[in-house]
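Undergrad: I'd like to ask some things about the structure below.
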Amino acid sequence: MIAYFVACYPSFEKSLELIKKSIDAGVNICELGFPTQEASGEGIVIKKAHDHCLERSVSLKDTIKLAKAVRDYNKDVGIVLMGYMSNIFRYPIDKFVKDLASVDADGCLVVDAPHELREENQLRNALNKENLSMIKLVAPTTTDERLKKLSSIFSGWVYSLNFSGISGSKSADLEQVKSMIKKIRNYTSLPICSGFGIKTPEDAKKIAQTGCDGVIVGTAIVDFIEKNIDDKNLPEKVGNIIKNFVKHL
Amino acid sequence: MIAYFVACYPSFEKSLELIKKSIDAGVNICELGFPTQEASGEGIVIKKAHDHCLERSVSLKDTIKLAKAVRDYNKDVGIVLMGYMSNIFRYPIDKFVKDLASVDADGCLVVDAPHELREENQLRNALNKENLSMIKLVAPTTTDERLKKLSSIFSGWVYSLNFSGISGSKSADLEQVKSMIKKIRNYTSLPICSGFGIKTPEDAKKIAQTGCDGVIVGTAIVDFIEKNIDDKNLPEKVGNIIKNFVKHL
Amino acid sequence: MSKEKIKNSLKVGSDKDGYFGEYGGIAAGENLMKNLEELKAAFQDAIKDKKFLDEFAYYCKHWIGRPSPIYFAENLTKKIGGAKIYFKQEHLNHTGSHKPTNTLFQVLLAKRMGKKKIICESGAGQHWSAAAATAAKFSMPIFGVMGDIDVKKVNQNIIKAKHYGGKLKVVPGALREAITFAIKEWSNNPDYYYLIGSTCSSSPFVDIVRYAQSIIGKEMREQFMELEGRLPNEIIGCAGSGSNFTGSMFEFLDEPKIKKVVVEAEETAALTNGTKGIQQGMVTKFLQSDDGSKSLGGSSLGSGIMYYGISPQLAHLNDIGAIEASTASDKELLETYKLVAQNEGIGISFEPAAAITEALKRAKGKPKDYIICVTACGRVEKDLDVIEELIGKDFE
Amino acid sequence: MSKEKIKNSLKVGSDKDGYFGEYGGIAAGENLMKNLEELKAAFQDAIKDKKFLDEFAYYCKHWIGRPSPIYFAENLTKKIGGAKIYFKQEHLNHTGSHKPTNTLFQVLLAKRMGKKKIICESGAGQHWSAAAATAAKFSMPIFGVMGDIDVKKVNQNIIKAKHYGGKLKVVPGALREAITFAIKEWSNNPDYYYLIGSTCSSSPFVDIVRYAQSIIGKEMREQFMELEGRLPNEIIGCAGSGSNFTGSMFEFLDEPKIKKVVVEAEETAALTNGTKGIQQGMVTKFLQSDDGSKSLGGSSLGSGIMYYGISPQLAHLNDIGAIEASTASDKELLETYKLVAQNEGIGISFEPAAAITEALKRAKGKPKDYIICVTACGRVEKDLDVIEELIGKDFE
Ligand SMILES: Cc1ncc(COP(=O)(O)O)c(C=O)c1O
Ligand SMILES: Cc1ncc(COP(=O)(O)O)c(C=O)c1O
């Protein structure tokens with residue numbers, strides 16, 4: 001199971017705490033979302049968490065620090081930084097990759113960086129040199145021709161988007177997901193993880209049966225955190241939610 | 001002295017009463033203004049009196065009735081109806097002239113009927129047939145050429161406008177008045193009466209010395225009536241004002 | 001265009017006394033006669049002066065943005081089912097109506113006459129803002145008069161005119177009162193140029209405004225020949241006093257096969273419901289009390305077509321059957337505004353909505369090769385608040 | 001115009017990856033890639049289709065009222081003393097700005113692609129009202145997004161768009177937020193046509209908008225040759241993202257003697273004060289926090305030029321010295337509005353006031369045969385309330 005967290009949300013310490021509990025509960029890969037005003041791929045739930053962090057001036061640097069703390073806690077969990085090109089470009093790219101390597105993260109996933117973008121190539125090359133992954137996404141609208149091209153640059157695992165749209169906006173169509181996974185399999189032997197629209201453990205179970213190698217839960221977790229932001233036992237409760245998801249897989 | 005009254009202002013009876021007193025005080029010719037919404041040649045004082053009458057549905061018919069009553073009171077005073085083409089045209093013209101003759105008025109003066117207007121010709125011809133006068137105006141802007149044309153149709157007396165503009169708006173320039181009267185004299189042997197901008201007996205005196213045969217007082221009288229509309233002794237007071245004017249001539 | 005004189009041509013101005021048949025003339029005070037004579041002479045002289053006409057054409061093109069295009073209203077045509085409906089897009093002119101063509105012509109004339117100041121009246125404020133813009137362009141001080149009833153309705157025009165540098169006097173009433181007051185001011189200041197906004201008042205104003213606005217019909221002729229290879233079957237325009245309609249159809253007056261239809265506001269339809277009278281400087285049809293002492297007529301949403309008189313030339317042409325007259329109600333104006341906005345993506349003001357209402361009625365069921373051209377003489381900005389108040393919810 | 005290829009011509013679109021030098025590109029989510037590829041193919045196909053281009057030209061002429069004239073601002077020229085100042089009168093277009101030329105082109109493209117619905121963003125509401133009008137004309141449902149800050153400023157555009165049948169979503173913020181939200185909506189509805197309002201966002205949008213608006217410069221060439229027998233020495237335009245400026249000067253890019261000057265709002269001058277970044281679908285200059293997580297920049301009166309990014313093509317052309325950049329302050333916008341209204345009788349909106357401010361500065365002291373052409377891309381109606389509030393008393 002892959003869980004998406006908005007890094008440093010609601011704060012560095014709390015965020016770290018609840019990620020630890022999530023790892024204990026069975027999360028295999030942590031996606032650490034670094035905040036940006038853009039967030040053009042995110043729905044209102046995740047956007048709100050981003051805004052919360054931006055107000056507190058959380059930066060990509062802080063997210064890398066968080067990645068380090070997560071790594072310090074657990075040697076095996078996958079750590080992927082997720083976000084937008086804007087922050088990485090300004091970091092800038094080379095330093096970002098160096099820092100990523102130095103904290104022993106596994107790679108990154110950039111929402112708005114198709115391989116047509118030269119800056120994506122630059123980033124990807126730098127990551128490759130450090131043996132880090134650039135996780136690529138495949139959308140239902142991705143054509144076969146394009147998928148073929150993408151297959152040559154897949155690395156780590158493949159993020160299969162369950163629908164074209166922004167996070168948290170719809171539910172996934174199982175038949176469509178199934179055929180997407182099948183299609184992607186033709187082009188790669190890497191693990192395929194399915195994300196978007198997985199709101200409940202039951203959703204996760206159904207998606208897991210479509211033939212993918214992992215499911216990604218994002219909005220559901222962030223939403224829970226937002227609604228229970230003042231709860232003292234938030235990390236435990238997030239852990240319980242993750243447990244429940246994992247149990248269904 | 002020629003005095004302008006808004007006919008039936010403030011009412012038929014009161015209007016008749018104050019005209020009688022004015023005649024007693026020495027008015028030679030009464031101009032009876034019949035009300036219209038147009039009144040494009042009138043300043044706010046006279047306009048206000050017109051509006052007062054219009055609200056009470058005073059019509060040209062009422063003005064003719066008033067003329068009759070004035071004639072019944074005095075055989076010798078000049079009676080001239082003064083107003084705009086609109087009412088006369090709708091009366092219509094022929095009937096207007098017949099009624100004018102039948103109440104033994106002397107003629108009429110129409111503000112917006114130059115001799116270029118065919119309807120003016122129609123009216124003038126009808127008046128001529130009944131031996132009534134169509135009083136024509138001469139303005140400071142009237143050209144020599146035009147004055148020559150006008151001279152052939154002058155009848156009764158000539159109304160010499162002391163300035164180009166609307167009634168009650170300015171004071172007259174004595175030098176200009178003088179030269180106007182002189183100019184008109186070249187074209188006619190009829191009496192020339194001078195009007196507009198005569199506010200006080202002193203004004204009247206000065207104008208009288210310009211060589212004209214009579215002065216016309218309008219706004220000053222109407223203004224006094226407006227300001228003393230509820231005064232029980234209004235007719236007497238108007239009479240006194242007229243007396244004062246006449247004394248200065 | 002043929003330059004030969006057509007016998008009994010209707011494409012003529014007023015006769016030597018300023019009449020069109022039995023209408024028109026000069027019903028003005030003696031103190032204005034010299035001005036009117038001067039104006040007539042200056043006008044007749046100016047239109048023989050090629051340099052002057054070139055100047056007018058130059059600013060028409062560059063400042064106003066003429067020619068205004070003709071536009072095939074395809075969606076409305078389909079919706080109605082019948083004749084092809086064309087708009088003559090006068091609302092695309094600078095200041096948003098046909099008015100600046102007239103103000104431009106007259107301000108140039110005023111300059112040519114050596115006048116130093118301008119005075120004018122306005123109803124919808126379109127003439128006022130056009131006049132103020134033109135006066136600014138030609139560095140002439142300008143003074144305008146409007147009725148308070150109209151001022152409330154057309155706030156934007158008032159503000160724009162102020163920004164152009166125009167000084168406005170607000171009098172109680174509407175266009176009638178504004179004209180009366182402006183004429184009075186002119187009487188007091190005969191050195192002013194009186195810039196009238198429509199084909200009304202004493203001769204030679206009707207001829208002057210008609211002359212300036214006739215460019216509309218001339219453009220239409222060229223444009224239709226280019227686009228359709230033929231002329232329209234009907235020409236429709238709304239009328240306050242009638243300048244945009246006159247300007248649209250004058251060019252075609254000697255072509256009786258082309259129907260010319262003028263549309264007034266139902267509440268102030270002088271041509272349809274009026275009686276002959278003499279007011280406001282002219283002999284024409286008015287909505288008036290029997291005795292001629294008062295004007296009649298209600299209030300229309302189209303402040304620019306809310307006038308109780310009509311151009312004397314139109315009164316004459318209507319009498320002799322050269323044009324037809326119709327009316328439109330407030331309800332129709334609103335409905336037509338909606339239709340045009342939603343189907344053609346054009347926001348027209350209330351005045352042309354009257355003309356388009358009639359065009360839609362007439363188009364229905366006509367053969368597909370029948371062409372109706374209606375002059376869209378104003379854009380919606382000035383009426384937007386009123387529309388929002390009255391039917392804003394219809395668009396939710 | 002020569003049809004030969006000029007070596008190293010600057011009159012080109014983006015390269016095969018959508019870049020202009022080091023700016024541009026596609027920074028979009030995977031879920032939009034198919035749409036963008038489709039759009040690029042459809043665009044490239046359409047501009048080879050004579051019928052399509054004829055249709056565009058037809059509606060440009062009849063619906064929008066193009067060509068917009070050039071206008072010699074004689075009074076301003078005299079007042080400033082120096083170069084001849086010309087306005088390219090884009091405010092005379094239907095809906096009152098240069099925007100409908102772009103919306104027309106893209107709605108026709110959307111129809112050609114078989115799209116059934118349109119989505120768009122807007123800053124000043126000019127793009128929104130133009131888009132809604134165009135969508136109405138071509139019977140397409142449309143859905144728009146605007147920031148609440150802008151909505152407050154441009155009430156009239158919002159109402160007009162509603163009357164045309166457009167549905168508006170208001171989001172907290174200004175143009176940046178509107179674009180982000182609209183892109184999100186597009187992601188959710190890839191069957192929509194995304195109708196962008198300026199030369200920004202991912203390739204091929206910058207090329208599409210530039211293509212449509214280039215008609216401005218083409219008209220200018222013809223008009224100046226006709227009127228002056230020569231081309232202007234400088235071409236000046238304001239920029240939000242840059243569509244009216246790009247459209248004005250693109251035609252002349254291979255004529256380096258003609259200076260091209262772009263003017264941004266002082267408070268949001270990305271080209272002058274920005275740093276390179278990747279946001280809003282493109283690589284370009286932005287006013288942004290050092291770490292790229294936030295946009296910077298204040299608020300300008302010119303809502304249409306209040307954008308924290310700039311067209312990537314302009315960023316490139318500025319880097320290589322093919323264009324120059326300048327800025328104008330709110331105080332200057334107000335002052336220039338006044339000057340233009342009072343001296344030329346033209347009410348411009350705040351955006352072109354920025355460009356004209358620069359034109360006036362540059363005209364001063366230049367030789368009398370030096371020509372500056374500035375694009376007057378909007379009319380005042382949308383800004384009238386704000387102006388009245390801020391400097392209404394200046395006109396009393
Ligand atoms: C937009 C508009 N259309 C039409 C008219 C009517 O004027 P006319 O009858 O002179 O064309 C007006 C007058 O103000 C107007 O503003
Ligand atoms: C009137 C006006 N001018 C200029 C602009 C700036 O846009 P661009 O930079 O695309 O020309 C806008 C944008 O909304 C506008 O409304």
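To be explicit about the labels: the chains of the structure tokens are called A, B, and onward in the order shown, and within each one the residues are counted from 1, while ligands get numbers from 1 in the order they are shown.
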Enumerate as a PDB file with C-alpha atoms, in the first residue's frame the residues within 7 Å of ligand 2, counting only C-alpha atoms and all ligand atoms.

TA:
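What landed in pocket-v5.pdb:
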```pdb
ATOM      1  CA  SER D  97     -11.321  44.685 -26.769  1.00  0.00           C
ATOM      2  CA  SER D 122     -10.694  35.327 -17.178  1.00  0.00           C
ATOM      3  CA  GLY D 123      -8.977  38.202 -15.418  1.00  0.00           C
ATOM      4  CA  ALA D 124     -10.588  41.453 -16.480  1.00  0.00           C
ATOM      5  CA  GLY D 125     -13.743  39.660 -17.563  1.00  0.00           C
ATOM      6  CA  GLN D 126     -13.060  40.860 -21.101  1.00  0.00           C
ATOM      7  CA  HIS D 127     -12.056  37.408 -22.173  1.00  0.00           C
ATOM      8  CA  GLY D 197      -7.572  34.058 -23.157  1.00  0.00           C
ATOM      9  CA  SER D 198      -3.972  34.978 -23.709  1.00  0.00           C
ATOM     10  CA  THR D 199      -0.552  33.869 -24.903  1.00  0.00           C
ATOM     11  CA  CYS D 238       0.341  46.455 -22.781  1.00  0.00           C
ATOM     12  CA  ALA D 239       0.578  42.913 -21.509  1.00  0.00           C
ATOM     13  CA  GLY D 240      -1.171  40.742 -19.042  1.00  0.00           C
ATOM     14  CA  SER D 241       0.269  37.645 -20.582  1.00  0.00           C
ATOM     15  CA  GLY D 242       0.822  39.370 -23.874  1.00  0.00           C
ATOM     16  CA  SER D 243      -1.766  38.554 -26.517  1.00  0.00           C
ATOM     17  CA  ASN D 244      -2.574  42.034 -27.764  1.00  0.00           C
ATOM     18  CA  PHE D 245       1.073  43.050 -27.788  1.00  0.00           C
ATOM     19  CA  SER D 303      -7.191  43.838 -13.938  1.00  0.00           C
ATOM     20  CA  GLY D 304      -6.395  42.567 -17.426  1.00  0.00           C
ATOM     21  CA  ILE D 305      -2.692  43.230 -16.969  1.00  0.00           C
ATOM     22  CA  SER D 349      -9.758  51.061 -20.133  1.00  0.00           C
ATOM     23  CA  GLU D 351      -4.922  48.165 -19.663  1.00  0.00           C
ATOM     24  CA  PRO D 352      -4.223  50.215 -22.794  1.00  0.00           C
ATOM     25  CA  CYS D 377      -7.071  47.309 -26.619  1.00  0.00           C
ATOM     26  CA  GLY D 378     -10.011  48.111 -24.367  1.00  0.00           C
ATOM     27  CA  ARG D 379     -12.767  50.591 -23.691  1.00  0.00           C
TER      28      ARG D 379
END
```

Undergrad: Do you know which residues are at most 8 Å from Ser293 (chain D) counting only C-alpha atoms, after dropping those on the same chain fewer than 2 positions away, and could you put them as a PyMOL selection string?

TA: (chain A and resi 35-38+54+59+86-87) or (chain D and resi 288-291+295)

Undergrad: Going by DSSP on the backbone, which residues of region 28-162 of chain A come out as alpha helix (DSSP H)? List them as a CSV table (one decimal) with N, CA and C atoms, in the first residue's frame.

TA:
```
chain,number,residue,atom,x,y,z
A,44,ILE,N,-9.9,20.0,-3.7
A,44,ILE,CA,-10.0,21.0,-2.6
A,44,ILE,C,-9.4,20.5,-1.3
A,45,VAL,N,-9.5,19.2,-1.0
A,45,VAL,CA,-9.1,18.6,0.3
A,45,VAL,C,-7.6,18.8,0.4
A,46,ILE,N,-6.9,18.3,-0.6
A,46,ILE,CA,-5.4,18.3,-0.6
A,46,ILE,C,-4.9,19.8,-0.8
A,47,LYS,N,-5.6,20.5,-1.6
A,47,LYS,CA,-5.3,21.9,-1.8
A,47,LYS,C,-5.3,22.7,-0.5
A,48,LYS,N,-6.3,22.4,0.3
A,48,LYS,CA,-6.5,23.1,1.6
A,48,LYS,C,-5.3,22.8,2.5
A,49,ALA,N,-4.8,21.5,2.5
A,49,ALA,CA,-3.7,21.1,3.3
A,49,ALA,C,-2.4,21.9,2.8
A,50,HIS,N,-2.3,21.9,1.5
A,50,HIS,CA,-1.2,22.7,0.9
A,50,HIS,C,-1.2,24.1,1.4
A,51,ASP,N,-2.3,24.8,1.3
A,51,ASP,CA,-2.4,26.1,1.7
A,51,ASP,C,-2.1,26.3,3.2
A,52,HIS,N,-2.5,25.4,4.0
A,52,HIS,CA,-2.1,25.4,5.4
A,52,HIS,C,-0.6,25.4,5.6
A,53,CYS,N,0.1,24.6,4.8
A,53,CYS,CA,1.5,24.5,4.9
A,53,CYS,C,2.2,25.8,4.4
A,54,LEU,N,1.6,26.3,3.2
A,54,LEU,CA,2.2,27.5,2.6
A,54,LEU,C,2.1,28.7,3.6
A,55,GLU,N,1.0,28.8,4.3
A,55,GLU,CA,0.9,29.9,5.3
A,55,GLU,C,2.0,29.8,6.3
A,60,LEU,N,10.2,23.0,0.2
A,60,LEU,CA,10.6,21.7,-0.3
A,60,LEU,C,11.8,21.2,0.6
A,61,LYS,N,12.6,22.2,1.1
A,61,LYS,CA,13.7,21.8,2.1
A,61,LYS,C,13.1,21.1,3.3
A,62,ASP,N,12.0,21.6,3.8
A,62,ASP,CA,11.4,21.0,5.0
A,62,ASP,C,10.9,19.6,4.6
A,63,THR,N,10.4,19.4,3.4
A,63,THR,CA,10.0,18.1,3.0
A,63,THR,C,11.1,17.1,2.9
A,64,ILE,N,12.3,17.6,2.4
A,64,ILE,CA,13.4,16.7,2.4
A,64,ILE,C,13.9,16.3,3.8
A,65,LYS,N,13.8,17.3,4.7
A,65,LYS,CA,14.1,17.0,6.1
A,65,LYS,C,13.2,15.9,6.6
A,66,LEU,N,11.9,16.1,6.3
A,66,LEU,CA,11.0,15.1,6.7
A,66,LEU,C,11.3,13.7,6.2
A,67,ALA,N,11.7,13.7,4.9
A,67,ALA,CA,12.1,12.4,4.3
A,67,ALA,C,13.2,11.8,5.1
A,68,LYS,N,14.2,12.6,5.5
A,68,LYS,CA,15.3,12.1,6.2
A,68,LYS,C,14.8,11.5,7.5
A,69,ALA,N,14.0,12.2,8.2
A,69,ALA,CA,13.5,11.7,9.5
A,69,ALA,C,12.7,10.4,9.3
A,70,VAL,N,12.0,10.3,8.2
A,70,VAL,CA,11.2,9.0,7.9
A,70,VAL,C,12.2,7.9,7.7
A,71,ARG,N,13.3,8.3,6.9
A,71,ARG,CA,14.3,7.2,6.6
A,71,ARG,C,15.0,6.8,7.9
A,72,ASP,N,15.3,7.7,8.7
A,72,ASP,CA,15.9,7.4,10.0
A,72,ASP,C,15.1,6.4,10.8
A,73,TYR,N,13.8,6.6,10.7
A,73,TYR,CA,12.9,5.7,11.4
A,73,TYR,C,12.8,4.3,10.8
A,85,MET,N,6.7,20.9,-10.6
A,85,MET,CA,8.0,21.3,-11.1
A,85,MET,C,8.5,22.6,-10.5
A,86,SER,N,7.5,23.5,-10.3
A,86,SER,CA,7.9,24.9,-9.8
A,86,SER,C,8.9,24.8,-8.7
A,87,ASN,N,8.7,24.1,-7.6
A,87,ASN,CA,9.6,24.1,-6.5
A,87,ASN,C,10.9,23.4,-6.8
A,88,ILE,N,10.8,22.3,-7.6
A,88,ILE,CA,12.1,21.6,-7.9
A,88,ILE,C,13.0,22.4,-8.8
A,89,PHE,N,12.3,23.1,-9.8
A,89,PHE,CA,13.1,24.0,-10.7
A,89,PHE,C,13.8,25.1,-9.9
A,90,ARG,N,13.1,25.6,-9.0
A,90,ARG,CA,13.7,26.8,-8.2
A,90,ARG,C,14.7,26.3,-7.2
A,93,ILE,N,17.2,22.0,-9.7
A,93,ILE,CA,17.1,20.6,-10.0
A,93,ILE,C,18.3,19.8,-9.5
A,94,ASP,N,19.5,20.2,-9.8
A,94,ASP,CA,20.6,19.4,-9.4
A,94,ASP,C,20.8,19.2,-7.9
A,95,LYS,N,20.6,20.3,-7.2
A,95,LYS,CA,20.7,20.3,-5.8
A,95,LYS,C,19.6,19.4,-5.2
A,96,PHE,N,18.4,19.5,-5.8
A,96,PHE,CA,17.3,18.7,-5.3
A,96,PHE,C,17.6,17.2,-5.4
A,97,VAL,N,18.2,16.8,-6.5
A,97,VAL,CA,18.5,15.4,-6.7
A,97,VAL,C,19.6,15.0,-5.7
A,98,LYS,N,20.6,15.9,-5.5
A,98,LYS,CA,21.7,15.5,-4.5
A,98,LYS,C,21.1,15.4,-3.1
A,99,ASP,N,20.2,16.3,-2.7
A,99,ASP,CA,19.7,16.2,-1.4
A,99,ASP,C,18.8,15.0,-1.3
A,100,LEU,N,18.1,14.7,-2.3
A,100,LEU,CA,17.2,13.5,-2.3
A,100,LEU,C,18.1,12.2,-2.0
A,101,ALA,N,19.2,12.2,-2.8
A,101,ALA,CA,20.1,11.0,-2.6
A,101,ALA,C,20.7,11.0,-1.2
A,102,SER,N,21.0,12.2,-0.7
A,102,SER,CA,21.7,12.2,0.6
A,102,SER,C,20.8,11.8,1.7
A,118,ARG,N,11.6,19.8,-21.2
A,118,ARG,CA,13.0,19.6,-21.2
A,118,ARG,C,13.5,19.6,-19.7
A,119,GLU,N,12.9,20.3,-18.9
A,119,GLU,CA,13.3,20.4,-17.5
A,119,GLU,C,13.1,19.0,-16.8
A,120,GLU,N,12.1,18.3,-17.3
A,120,GLU,CA,11.8,17.0,-16.8
A,120,GLU,C,13.0,16.1,-17.2
A,121,ASN,N,13.5,16.2,-18.4
A,121,ASN,CA,14.6,15.4,-18.9
A,121,ASN,C,15.8,15.6,-18.0
A,122,GLN,N,16.0,16.9,-17.8
A,122,GLN,CA,17.1,17.2,-16.9
A,122,GLN,C,17.0,16.6,-15.5
A,123,LEU,N,15.9,16.7,-15.0
A,123,LEU,CA,15.6,16.1,-13.7
A,123,LEU,C,15.8,14.6,-13.7
A,124,ARG,N,15.2,14.0,-14.7
A,124,ARG,CA,15.2,12.5,-14.8
A,124,ARG,C,16.6,12.0,-15.0
A,125,ASN,N,17.4,12.7,-15.8
A,125,ASN,CA,18.8,12.3,-16.0
A,125,ASN,C,19.6,12.4,-14.7
A,126,ALA,N,19.4,13.4,-14.0
A,126,ALA,CA,20.1,13.6,-12.7
A,126,ALA,C,19.7,12.5,-11.8
A,127,LEU,N,18.4,12.2,-11.7
A,127,LEU,CA,17.9,11.1,-10.8
A,127,LEU,C,18.5,9.8,-11.2
A,128,ASN,N,18.5,9.5,-12.5
A,128,ASN,CA,19.1,8.3,-13.0
A,128,ASN,C,20.5,8.1,-12.6
A,129,LYS,N,21.3,9.2,-12.7
A,129,LYS,CA,22.7,9.1,-12.3
A,129,LYS,C,22.9,8.7,-10.8
A,144,ASP,N,-1.7,4.7,-26.8
A,144,ASP,CA,-0.7,3.6,-26.9
A,144,ASP,C,0.6,4.0,-27.4
A,145,GLU,N,0.6,4.9,-28.3
A,145,GLU,CA,1.9,5.4,-28.9
A,145,GLU,C,2.7,6.1,-27.8
A,146,ARG,N,2.0,6.9,-27.0
A,146,ARG,CA,2.6,7.6,-25.9
A,146,ARG,C,3.1,6.6,-24.8
A,147,LEU,N,2.3,5.6,-24.5
A,147,LEU,CA,2.6,4.6,-23.5
A,147,LEU,C,3.9,3.9,-23.9
A,148,LYS,N,4.0,3.6,-25.1
A,148,LYS,CA,5.2,3.0,-25.6
A,148,LYS,C,6.4,3.9,-25.3
A,149,LYS,N,6.3,5.1,-25.6
A,149,LYS,CA,7.4,6.1,-25.4
A,149,LYS,C,7.7,6.1,-23.9
A,150,LEU,N,6.6,6.2,-23.1
A,150,LEU,CA,6.8,6.3,-21.6
A,150,LEU,C,7.5,5.0,-21.1
A,151,SER,N,7.2,3.9,-21.7
A,151,SER,CA,7.7,2.6,-21.1
A,151,SER,C,9.2,2.6,-21.1
```

Undergrad: Which residue, B:Thr143, B:Thr219, B:Gln209, B:Gln176, has the smallest gap to chain C when you use only C-alpha atoms?

TA: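 Between B:Thr143, B:Thr219, B:Gln209, B:Gln176, the residue approaching chain C most closely is B:Thr143.
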
Undergrad: List as a PyMOL selection string the protein and nucleic acid residues near Glu22 (chain C), meaning an atom at most 12 Å away when only C-alpha atoms are counted, but skip any in the same chain fewer than 5 places from it.

TA: (chain B and resi 117-119) or (chain C and resi 14-15+17+276-278+282-285+312-320)

Undergrad: Between CA of Lys382 (chain D) and CA of Lys382 (chain C), what is the distance, to one decimal in Å?

TA: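 Interatomic distance, CA of Lys382 (chain D) to CA of Lys382 (chain C): 11.6 Å.
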